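Below is one structure, written out as structure tokens; the observations come after it.
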Amino acid sequence: MIDRQIVIRVASLALVALLLPATLMAHGGVVEEDDLCVIKVNYLRAHFKIYQPRISGHEQFCEDLPAASESVFVMEYQHDSLSFMPIDFRIIRNVTGKGRFARIEDVHRISDIDAETVFYQAASLEPDVYTVLHDFAEEGDFIGIVSATHPDTRKVYAAVFPFEVGFTGWGYWPIILGLLIIIQAQYLLMSGRLKRWFGTASAVACCLVLLPGVAQSGEFVVTYSTPDGAVEINRMHSWVLHVATAAGKPVTGAQIEVDGGMPAHDHGMPTRPRVTRELGNGDYQLDGMRFHMGGYWEIVVSVTTDAGTETTVIPLRL
Amino acid sequence: MTPDQLRISAAVVVAAVLVSIWYLRDVDPAPWSDGEIALLQSLWLENLPELPPDATNAVADDPQAAGFGRLLFFDTRLSANGAVSCATCHQPARRFTDGLPEGQAIGQSKRNTPSIVGTAYSPWLYWDGRRDSQWAQALSPLEDPEEHGSDRRSVLEVVAGDANYRSAYEDLFGDLSELSAAEETGIDTAFANLGKAIAAFERTVLPGPARFDRYVAALLARDTQQQQELFSADEIRGLRLYIGKANCMQCHNGPLFTNNEFHNTGVLSAAGEVPDKGRAAGLNEVMRDPFNCRGNFSDDTDPRCDELDFARSGPDLIGAVRTPSLRNLEGTEPFMHKGQLATLAAVLEHYNEAPDAMIGHNEAKPLGLSGRELRQLEAFLQTLQAPYSSQFDSM
């Protein structure tokens, strides 16, 4: 069970990394968050889960299903609006040729969607929770399409999630394997072992931007220090940001916006931190920092000067 | 082995034997503590309060209405095919249930047939509480296409066309006017009256004292010998689990062994169906029911509808269904709202596991009871068997 969770986490991390542009362009989909499976229908979110009660009892699935069987799709709204929006649900064979990377645009390109539809539940208003049942007749690659229509604007919000029923291919495994290799390489790099093995300075240089404390993006290099001591979770604290040019010259008088979150969990910070004053010499006091769980965070720093705005991401592992 | 090692291993063996003896001992697990006796008394049928009055039903306690209602309850003419009565599913011999996963009448009903024994005490009827009185409930199956499949006009025509029924009706409710001429509200009022007569009968159907109740009486009388005759050691242990670590009394409390409230306990959906929304849907329905406490057909001249006014709503009610009584479970299997669990043992196993609910949130927590403890709990539940009691003994 633990192993499976880790694998799913890693898989979703990989997906975030590889599919970020796709996710942004599509109107929504299904993601793992904090051990919860979440469907995003545009800005509307719902806890999403699938059951195969006849063969797997109470076991929950996020996307892929073990076998062709009676399957119950459940959406528990995290956003009240969905209670007031008629929702329809369609399952089509995945004929997009894009496999699990299929997006809504790919679905729109299917000429006769009805011919590929294996299940369709007409729009209905479901307060509280949305449930549909489909008994899959065969294994294969499918795409689920959830559409919610706004009652006032008539705008249609859609979420698309490709999934497999039964084992039909390698699925996420190549990605997971690749990611594990990257993680291992990163670990070796960080621990300095690779350097000892190869003694190549270039390998370290290429990855310096990933080391905590430093972020570089073109014009500016943003570094931080934590005068309150090491960063702990669940504690409000302050940072001092130092902004300098690539040549090392301090940047003063900049407007700085800060936000952050956990890409793997798809949530932001529990606070809304901000720069409260400029300390001089390119240093800025950043107050209101707090992290509410351990793991990989990204702090997004936007630096605005007369030359324009530049955004830098500071990676942080807690 | 050195002498020291010998002594240590001997000590280990002795300890193991002592632990086994302690574990397997079959001493009388009574006596009960004062706190436990208070809990046992709270479950005792002697402490069942008087029937709560139903101000919305003027004939609720009228024996004549109950007699008329009883005839209606067993009359198959009140159905589209002439073969279905209330007793088709609510069979007296099976504690007013039918032994099926879901009721079978003209078609298949949507849920497991609940007993009507003691339902006069419940503010809500049906698994999802979609009716708020016995009489409002009694009307609904008559017009359900899967159950009686009839309609109010046809049902009233049967009553009007039967001389005995007609006079019984008119004695209780006044003139049964010509149906062809009657206005819609007249039809509805007459229809509601039939429900009130059926409810007057159903109000008399109450649980009888079980072996458990006699055990509590013997306990309170400090009659040790009778206690031993009435309850085995396993049944006593099962009872102690029931009022203690099995958490049963969180919901199945009071002399009827139910709080008549709504709880999600994470039961798996029935085959071919999406999970039942339970009370979340039932609450909306009872609020809209024209025969509810606030409706025009209530006999209460100064209606206070506290149950409707203070009804709780919210996400906790998703997938929640009404707690059934645990008195007289024999012959009422399969259990749960869709008859998903075939045996009492399966139900206990389910609560022991307390899996996550498919929709909403399972309120139950895993119990971690051993197989032996589950069997003891089941043995105790068997002590709640008793014939129901009604003033109509001839059934």
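Chains: A, B, ... in order of the structure tokens. Residues: from 1 per chain. Ligands: from 1, in order shown.
The list of chain A residues within 10 Å of chain B is Lys49, Ile50, Tyr51, Gln52, Pro53, Arg54, Gly57, His58, Glu59, Gln60, Glu70, Ser71, Val72, Phe73, Val74, Met75, Glu76, Glu126, Pro127, Asp128, Val129, Tyr130, Thr131, Val132, Leu133, His134 and Asp135 of chain A; this uses only C-alpha atoms.
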Subject >> Those of segment 35-107 of chain A in DSSP alpha helix (DSSP H), formatted as number ranges by chain >> reply: A: 53-56, 104-107
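The two atoms in question, atom CA of Ser147 of chain A and atom CA of Asp64 of chain A, are spaced 20.0 Å apart.
Minimum distance to Thr56 of chain B across B:Phe73, B:Phe380, B:Trp135, B:Trp124 (counting only C-alpha atoms) occurs at B:Trp135.
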Fewer than 3 positions away in the same chain doesn't count, so skip those; otherwise give me all residues within 6 Å of Ile143 of chain A, counting only C-alpha atoms, as an mmCIF file with all heavy atoms, in the first residue's frame.
data_model
loop_
_atom_site.group_PDB
_atom_site.id
_atom_site.type_symbol
_atom_site.label_atom_id
_atom_site.label_comp_id
_atom_site.auth_asym_id
_atom_site.auth_seq_id
_atom_site.Cartn_x
_atom_site.Cartn_y
_atom_site.Cartn_z
ATOM 1 N N ILE A 91 -18.005 8.728 -21.399
ATOM 2 C CA ILE A 91 -16.783 7.928 -21.512
ATOM 3 C C ILE A 91 -16.650 7.518 -22.972
ATOM 4 O O ILE A 91 -17.595 6.971 -23.549
ATOM 5 C CB ILE A 91 -16.834 6.672 -20.611
ATOM 6 C CG1 ILE A 91 -16.989 7.075 -19.143
ATOM 7 C CG2 ILE A 91 -15.574 5.830 -20.794
ATOM 8 C CD1 ILE A 91 -17.240 5.892 -18.218
ATOM 9 N N ILE A 92 -15.500 7.840 -23.565
ATOM 10 C CA ILE A 92 -15.270 7.466 -24.968
ATOM 11 C C ILE A 92 -14.038 6.575 -25.047
ATOM 12 O O ILE A 92 -13.192 6.578 -24.156
ATOM 13 C CB ILE A 92 -15.067 8.712 -25.872
ATOM 14 C CG1 ILE A 92 -13.820 9.495 -25.426
ATOM 15 C CG2 ILE A 92 -16.299 9.598 -25.859
ATOM 16 C CD1 ILE A 92 -13.423 10.586 -26.404
ATOM 17 N N ASN A 94 -10.449 5.866 -26.240
ATOM 18 C CA ASN A 94 -9.376 6.831 -26.496
ATOM 19 C C ASN A 94 -8.798 6.584 -27.884
ATOM 20 O O ASN A 94 -7.897 5.776 -28.071
ATOM 21 C CB ASN A 94 -8.296 6.712 -25.423
ATOM 22 C CG ASN A 94 -7.292 7.841 -25.509
ATOM 23 O OD1 ASN A 94 -7.224 8.544 -26.509
ATOM 24 N ND2 ASN A 94 -6.518 8.021 -24.457
ATOM 25 N N PHE A 161 -10.143 13.210 -18.604
ATOM 26 C CA PHE A 161 -9.110 12.360 -17.989
ATOM 27 C C PHE A 161 -8.998 11.029 -18.713
ATOM 28 O O PHE A 161 -9.905 10.223 -18.715
ATOM 29 C CB PHE A 161 -9.379 12.160 -16.486
ATOM 30 C CG PHE A 161 -10.716 11.551 -16.169
ATOM 31 C CD1 PHE A 161 -10.828 10.186 -15.915
ATOM 32 C CD2 PHE A 161 -11.847 12.340 -16.113
ATOM 33 C CE1 PHE A 161 -12.052 9.624 -15.614
ATOM 34 C CE2 PHE A 161 -13.084 11.784 -15.824
ATOM 35 C CZ PHE A 161 -13.190 10.429 -15.576
ATOM 36 N N PRO A 162 -7.855 10.829 -19.387
ATOM 37 C CA PRO A 162 -7.631 9.537 -20.029
ATOM 38 C C PRO A 162 -7.352 8.484 -18.960
ATOM 39 O O PRO A 162 -6.739 8.779 -17.942
ATOM 40 C CB PRO A 162 -6.377 9.773 -20.877
ATOM 41 C CG PRO A 162 -6.135 11.251 -20.848
ATOM 42 C CD PRO A 162 -6.746 11.762 -19.597
ATOM 43 N N PHE A 163 -7.845 7.283 -19.163
ATOM 44 C CA PHE A 163 -7.563 6.209 -18.194
ATOM 45 C C PHE A 163 -7.618 4.864 -18.885
ATOM 46 O O PHE A 163 -8.136 4.732 -19.987
ATOM 47 C CB PHE A 163 -8.542 6.272 -17.009
ATOM 48 C CG PHE A 163 -9.983 6.018 -17.372
ATOM 49 C CD1 PHE A 163 -10.570 4.778 -17.134
ATOM 50 C CD2 PHE A 163 -10.754 7.021 -17.941
ATOM 51 C CE1 PHE A 163 -11.893 4.546 -17.458
ATOM 52 C CE2 PHE A 163 -12.082 6.800 -18.267
ATOM 53 C CZ PHE A 163 -12.659 5.558 -18.033
#
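Between Leu139 of chain B and the residues B:Val158, B:Ala93, B:Ile198, B:Leu230, the shortest atom-to-atom distance, using only C-alpha atoms, involves B:Ile198.
Between His361 of chain B and the candidates B:Arg70, B:His263, B:Lys110, B:His148, the tightest atom-to-atom separation, counting only C-alpha atoms, involves B:His263.
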**OP:** Report the residues of segment 223-378 of chain B whose backbone DSSP state falls under strand (DSSP E), written as a PyMOL selection string.
**Re:** chain B and resi 262-263+321-322
